[in-house]
file upload_24.cif (mmCIF, C-alpha atoms)
data_final
#
loop_
_atom_site.label_atom_id
_atom_site.label_comp_id
_atom_site.auth_asym_id
_atom_site.auth_seq_id
_atom_site.Cartn_x
_atom_site.Cartn_y
_atom_site.Cartn_z
CA MET E 1 17.43 -21.64 46.64
CA GLU E 2 20.64 -21.91 44.68
CA ASN E 3 21.00 -19.63 41.68
CA LYS E 4 21.34 -22.04 38.77
CA ASN E 5 22.22 -19.35 36.24
CA LEU E 6 25.33 -18.12 38.03
CA TYR E 7 28.64 -19.76 37.21
CA ARG E 8 32.26 -18.98 37.90
CA LEU E 9 33.91 -18.04 34.65
CA ASP E 10 36.55 -20.74 35.11
CA GLU E 11 33.75 -23.36 35.16
CA LEU E 12 32.65 -22.36 31.66
CA SER E 13 35.24 -23.63 29.22
CA ASP E 14 33.34 -22.24 26.23
CA TYR E 15 33.14 -18.70 27.63
CA LYS E 16 35.81 -16.05 27.63
CA ILE E 17 36.01 -12.36 28.38
CA ALA E 18 35.11 -10.08 25.49
CA SER E 19 38.16 -8.51 23.91
CA ASN E 20 37.11 -4.97 24.88
CA TYR E 21 37.09 -5.87 28.61
CA SER E 22 40.02 -6.59 30.91
CA ASP E 23 40.42 -9.93 32.60
CA VAL E 24 40.71 -8.65 36.15
CA ARG E 25 41.29 -12.01 37.81
CA GLY E 26 44.33 -11.76 40.07
CA TRP E 27 44.07 -7.95 40.27
CA LYS E 28 43.91 -6.10 43.56
CA ILE E 29 40.67 -4.39 44.56
CA VAL E 30 40.66 -1.27 46.74
CA ASP E 31 38.03 1.02 48.24
CA ALA E 32 37.73 4.75 47.55
CA ASP E 33 40.43 5.49 50.14
CA ASN E 34 42.82 3.03 48.52
CA HIS E 35 42.51 0.45 51.33
CA THR E 36 43.04 -3.04 50.01
CA ILE E 37 39.87 -5.13 50.07
CA GLY E 38 41.37 -8.23 48.51
CA THR E 39 42.18 -9.93 45.23
CA ILE E 40 39.77 -10.78 42.45
CA ASP E 41 39.66 -14.55 42.41
CA ASN E 42 37.05 -15.11 39.75
CA LEU E 43 34.11 -13.66 37.87
CA TRP E 44 30.50 -14.75 38.34
CA VAL E 45 28.64 -14.94 35.04
CA ASN E 46 24.90 -15.10 34.50
CA LYS E 47 24.82 -17.66 31.72
CA ASP E 48 21.36 -16.77 30.38
CA MET E 49 22.22 -13.07 30.17
CA GLN E 50 25.75 -13.88 28.98
CA ARG E 51 27.42 -11.28 31.14
CA VAL E 52 29.54 -10.88 34.23
CA VAL E 53 27.46 -9.80 37.21
CA TYR E 54 29.86 -10.18 40.17
CA LEU E 55 33.51 -10.08 40.99
CA ASP E 56 34.45 -12.91 43.34
CA VAL E 57 36.90 -11.36 45.79
CA LYS E 58 39.17 -13.25 48.13
CA VAL E 59 39.17 -10.90 51.07
CA ALA E 60 42.52 -9.61 52.32
CA LYS E 61 43.59 -11.18 55.61
CA GLU E 62 43.97 -7.70 57.13
CA LEU E 63 40.33 -6.90 56.40
CA ILE E 64 39.15 -10.12 58.04
CA GLN E 65 41.35 -9.60 61.09
CA ASP E 66 40.78 -5.87 61.39
CA LYS E 67 39.23 -5.38 64.86
CA HIS E 68 37.44 -8.70 64.66
CA GLU E 69 38.16 -12.33 65.23
CA VAL E 70 37.01 -14.63 62.45
CA HIS E 71 34.46 -16.25 64.78
CA ASP E 72 33.00 -12.96 65.99
CA VAL E 73 29.52 -11.94 65.08
CA ILE E 74 30.05 -8.96 62.80
CA ALA E 75 26.93 -8.38 60.81
CA ASN E 76 23.28 -8.22 61.65
CA ASP E 77 20.59 -8.57 59.02
CA ASN E 78 17.03 -8.06 60.22
CA GLY E 79 17.93 -9.38 63.64
CA ARG E 80 19.71 -12.47 62.33
CA GLU E 81 23.36 -12.48 63.21
CA PHE E 82 26.00 -14.03 61.02
CA ILE E 83 28.87 -15.97 62.45
CA TYR E 84 31.75 -16.37 60.09
CA LYS E 85 33.40 -19.72 59.96
CA ASP E 86 36.96 -20.49 58.98
CA GLY E 87 37.12 -20.52 55.22
CA ASP E 88 34.47 -17.84 54.73
CA SER E 89 36.91 -15.58 52.96
CA HIS E 90 35.12 -14.57 49.77
CA ILE E 91 32.67 -11.79 49.01
CA ILE E 92 30.89 -10.82 45.83
CA ILE E 93 30.90 -7.29 44.44
CA PRO E 94 28.52 -6.30 41.64
CA ILE E 95 30.42 -5.44 38.49
CA GLY E 96 28.73 -2.03 38.16
CA SER E 97 30.09 -0.95 41.55
CA VAL E 98 33.71 -0.85 40.43
CA SER E 99 35.94 0.98 38.03
CA ILE E 100 38.87 -0.72 36.36
CA ASN E 101 42.25 0.89 35.82
CA LYS E 102 43.93 -1.07 33.05
CA ASP E 103 47.24 0.76 33.49
CA THR E 104 47.74 0.03 37.19
CA LYS E 105 45.77 -3.27 37.09
CA ILE E 106 43.77 -2.11 40.11
CA VAL E 107 40.02 -2.31 40.51
CA MET E 108 38.38 0.39 42.64
CA ALA E 109 35.10 0.03 44.47
CA GLY E 110 34.57 3.76 44.75
CA ASN E 111 31.16 3.93 46.40
CA ILE E 112 31.54 1.20 48.99
CA GLY E 113 33.59 1.87 52.11
CA TYR E 114 36.08 -0.28 53.98
CA ASP E 115 33.78 -0.79 56.97
CA THR E 116 31.03 -2.03 54.69
CA PHE E 117 33.37 -4.59 53.14
CA ARG E 118 34.59 -5.60 56.58
CA ASN E 119 31.01 -6.21 57.75
CA THR E 120 29.64 -7.78 54.58
CA ASN E 121 28.57 -11.39 54.85
CA ARG E 122 31.23 -13.65 53.34
CA TYR E 123 30.90 -17.10 51.88
CA ASN E 124 33.09 -20.15 51.56
CA ARG E 125 34.23 -20.86 48.04
CA GLN E 126 33.43 -24.56 48.53
CA HIS E 127 29.74 -23.70 48.70
CA ASN E 128 28.01 -21.61 46.09
CA PHE E 129 25.72 -18.90 47.38
CA ASP E 130 22.01 -18.42 46.81
CA ARG E 131 19.78 -15.46 45.96
CA ASP E 132 19.22 -14.74 49.67
CA TYR E 133 22.97 -14.25 50.06
CA GLU E 134 22.99 -11.94 47.03
CA LYS E 135 20.19 -9.84 48.55
CA ARG E 136 21.97 -9.61 51.93
CA VAL E 137 25.19 -8.46 50.26
CA MET E 138 23.41 -5.94 48.03
CA ASN E 139 21.51 -4.56 51.04
CA SER E 140 24.79 -4.11 52.92
CA TYR E 141 26.33 -2.23 49.97
CA TYR E 142 23.23 -0.24 49.09
CA PRO E 143 21.02 -0.01 52.19
CA GLU E 144 18.92 2.71 50.57
CA ASN E 145 17.65 0.23 47.96
CA ASP E 146 15.28 -2.57 48.77
CA PHE E 147 16.69 -5.72 47.24
CA GLY E 148 14.44 -7.88 49.37
CA SER E 149 11.46 -7.05 47.19
CA TYR E 150 13.03 -8.65 44.13
CA ASN E 151 11.83 -12.08 43.26
CA SER E 152 14.07 -14.71 41.75
CA ASP E 153 13.64 -13.32 38.24
CA ASP E 154 17.19 -12.70 37.01
CA ASP E 155 16.26 -10.01 34.52
CA SER E 156 14.64 -7.77 37.11
CA PHE E 157 17.37 -8.45 39.67
CA TYR E 158 20.40 -7.90 37.42
CA ASN E 159 19.02 -5.13 35.21
CA ARG E 160 20.00 -2.45 37.70
CA LYS E 161 22.76 0.14 37.55
CA GLU E 162 24.78 -1.80 40.16
CA PHE E 163 25.31 -4.51 37.55
CA ASP E 164 26.11 -2.28 34.55
CA GLN E 165 29.68 -2.81 33.49
CA LYS E 166 31.41 0.52 32.90
#

call {"tool": "encode", "arguments": {"input": "upload_24.cif", "output": "structure tokens"}}
result
Amino acid sequence: MENKNLYRLDELSDYKIASNYSDVRGWKIVDADNHTIGTIDNLWVNKDMQRVVYLDVKVAKELIQDKHEVHDVIANDNGREFIYKDGDSHIIIPIGSVSINKDTKIVMAGNIGYDTFRNTNRYNRQHNFDRDYEKRVMNSYYPENDFGSYNSDDDSFYNRKEFDQK
């Protein structure tokens, strides 16, 4: 089921980033150890809630190639293996999982490690993702939380600390 309330910010001509927030598109994103994860390509906005919920990150080539071939199976979710295809080079990161340094123009995902990013299920920008993809990604970032129990209700899914913009 596609999530009809999620839009890339650049698809919404009548929306812009609030003046008290930085437009982080084009900025580098790093993990807590300062390893480059990629570049922020876009922002995913929940239109009903009128807020950014995900950063859309184009994953750094080094992260994709690090110890793995693109076609390797590199993640396992409840026994289902994912095979990445060419072009699957984007991941989503919940906005509440990062801190933004306006001076250096670097975004830091402090609580999520490099290996987690390397193993997180990616998607192809040509195809929007669905709620199942969101749950898989959130479970890889926060395995201690059960995102599978959330229904498709946006309010209950996005009203969590992982989506609180700092």

call {"tool": "resolve_selection", "arguments": {"input": "upload_24.cif", "expression": "the PyMOL selection byres ((chain E and resi 33) around 10)", "output": "PDB file with C-alpha atoms, keeping the file's coordinate frame"}}
result
ATOM      1  CA  VAL E  30      40.660  -1.270  46.740  1.00  0.00           C
ATOM      2  CA  ASP E  31      38.030   1.020  48.240  1.00  0.00           C
ATOM      3  CA  ALA E  32      37.730   4.750  47.550  1.00  0.00           C
ATOM      4  CA  ASN E  34      42.820   3.030  48.520  1.00  0.00           C
ATOM      5  CA  HIS E  35      42.510   0.450  51.330  1.00  0.00           C
ATOM      6  CA  THR E  36      43.040  -3.040  50.010  1.00  0.00           C
ATOM      7  CA  MET E 108      38.380   0.390  42.640  1.00  0.00           C
ATOM      8  CA  ALA E 109      35.100   0.030  44.470  1.00  0.00           C
ATOM      9  CA  GLY E 110      34.570   3.760  44.750  1.00  0.00           C
ATOM     10  CA  ILE E 112      31.540   1.200  48.990  1.00  0.00           C
ATOM     11  CA  GLY E 113      33.590   1.870  52.110  1.00  0.00           C
ATOM     12  CA  TYR E 114      36.080  -0.280  53.980  1.00  0.00           C
TER      13      TYR E 114
END

call {"tool": "atom_distance", "arguments": {"input": "upload_24.cif", "atom1": "atom CA of Val24 of chain E", "atom2": "atom CA of Val107 of chain E"}}
result
7.7 Å

call {"tool": "closest_residue", "arguments": {"input": "upload_24.cif", "among": "E:Leu43, E:Ile37, E:Met138, E:Val98", "to": "Lys16 of chain E", "atoms": "only C-alpha atoms"}}
result
E:Leu43

call {"tool": "residues_near_point", "arguments": {"input": "upload_24.cif", "point": "(24.8, -0.4, 39.3)", "cutoff": "12 Å", "atoms": "all atoms listed in the file", "output": "ChimeraX atom specification"}}
result
/E:53-54,93-99,109-112,138,141-142,145,157-166

call {"tool": "atom_distance", "arguments": {"input": "upload_24.cif", "atom1": "atom CA of Tyr123 of chain E", "atom2": "atom CA of Ala60 of chain E"}}
result
13.8 Å

call {"tool": "residues_around", "arguments": {"input": "upload_24.cif", "residues": "Leu12 of chain E", "least_positions_apart": "4", "cutoff": "12 Å", "atoms": "all atoms listed in the file", "output": "ChimeraX atom specification"}}
result
/E:5-8,16-17,42-47,50

call {"tool": "closest_residue", "arguments": {"input": "upload_24.cif", "among": "E:Tyr21, E:Tyr133, E:Ser89, E:Leu63", "to": "Asp115 of chain E", "atoms": "all atoms listed in the file"}}
result
E:Leu63

call {"tool": "atom_distance", "arguments": {"input": "upload_24.cif", "atom1": "atom CA of Ile100 of chain E", "atom2": "atom CA of Asp146 of chain E"}}
result
26.7 Å

call {"tool": "resolve_selection", "arguments": {"input": "upload_24.cif", "expression": "the PyMOL selection byres ((chain E and resi 126-130) around 12)", "output": "short mmCIF file (atom, residue, chain, number, x, y, z; two decimals) with C-alpha atoms, in the frame of the given file"}}
result
data_model
loop_
_atom_site.label_atom_id
_atom_site.label_comp_id
_atom_site.auth_asym_id
_atom_site.auth_seq_id
_atom_site.Cartn_x
_atom_site.Cartn_y
_atom_site.Cartn_z
CA MET E 1 17.43 -21.64 46.64
CA GLU E 2 20.64 -21.91 44.68
CA ASN E 3 21.00 -19.63 41.68
CA LYS E 4 21.34 -22.04 38.77
CA ASN E 5 22.22 -19.35 36.24
CA LEU E 6 25.33 -18.12 38.03
CA TYR E 7 28.64 -19.76 37.21
CA ARG E 8 32.26 -18.98 37.90
CA TRP E 44 30.50 -14.75 38.34
CA ASP E 56 34.45 -12.91 43.34
CA ASP E 86 36.96 -20.49 58.98
CA GLY E 87 37.12 -20.52 55.22
CA ASP E 88 34.47 -17.84 54.73
CA SER E 89 36.91 -15.58 52.96
CA HIS E 90 35.12 -14.57 49.77
CA ILE E 91 32.67 -11.79 49.01
CA ILE E 92 30.89 -10.82 45.83
CA ASN E 121 28.57 -11.39 54.85
CA ARG E 122 31.23 -13.65 53.34
CA TYR E 123 30.90 -17.10 51.88
CA ASN E 124 33.09 -20.15 51.56
CA ARG E 125 34.23 -20.86 48.04
CA ARG E 131 19.78 -15.46 45.96
CA ASP E 132 19.22 -14.74 49.67
CA TYR E 133 22.97 -14.25 50.06
CA GLU E 134 22.99 -11.94 47.03
CA LYS E 135 20.19 -9.84 48.55
CA ARG E 136 21.97 -9.61 51.93
CA VAL E 137 25.19 -8.46 50.26
CA SER E 152 14.07 -14.71 41.75
#

call {"tool": "closest_residue", "arguments": {"input": "upload_24.cif", "among": "E:Ser13, E:Phe147, E:Lys105, E:Lys61", "to": "Arg25 of chain E", "atoms": "all atoms listed in the file"}}
result
E:Lys105

call {"tool": "closest_residue", "arguments": {"input": "upload_24.cif", "among": "E:Ser140, E:Asn101, E:Ser149, E:Thr120", "to": "Asp23 of chain E", "atoms": "all atoms listed in the file"}}
result
E:Asn101

call {"tool": "closest_residue", "arguments": {"input": "upload_24.cif", "among": "E:Asp48, E:Lys102, E:Gly38, E:Glu144", "to": "Glu62 of chain E", "atoms": "only C-alpha atoms"}}
result
E:Gly38

call {"tool": "closest_residue", "arguments": {"input": "upload_24.cif", "among": "E:Ile64, E:Ile106, E:Asn119, E:Ala18", "to": "Asn139 of chain E", "atoms": "all atoms listed in the file"}}
result
E:Asn119

call {"tool": "axis_aligned_box", "arguments": {"input": "upload_24.cif", "around": "segment 5-10 of chain E", "padding_each_side": "3 Å", "output": "AutoDock Vina command-line options"}}
result
--center_x 29.4 --center_y -19.4 --center_z 36.3 --size_x 20.3 --size_y 8.7 --size_z 9.4
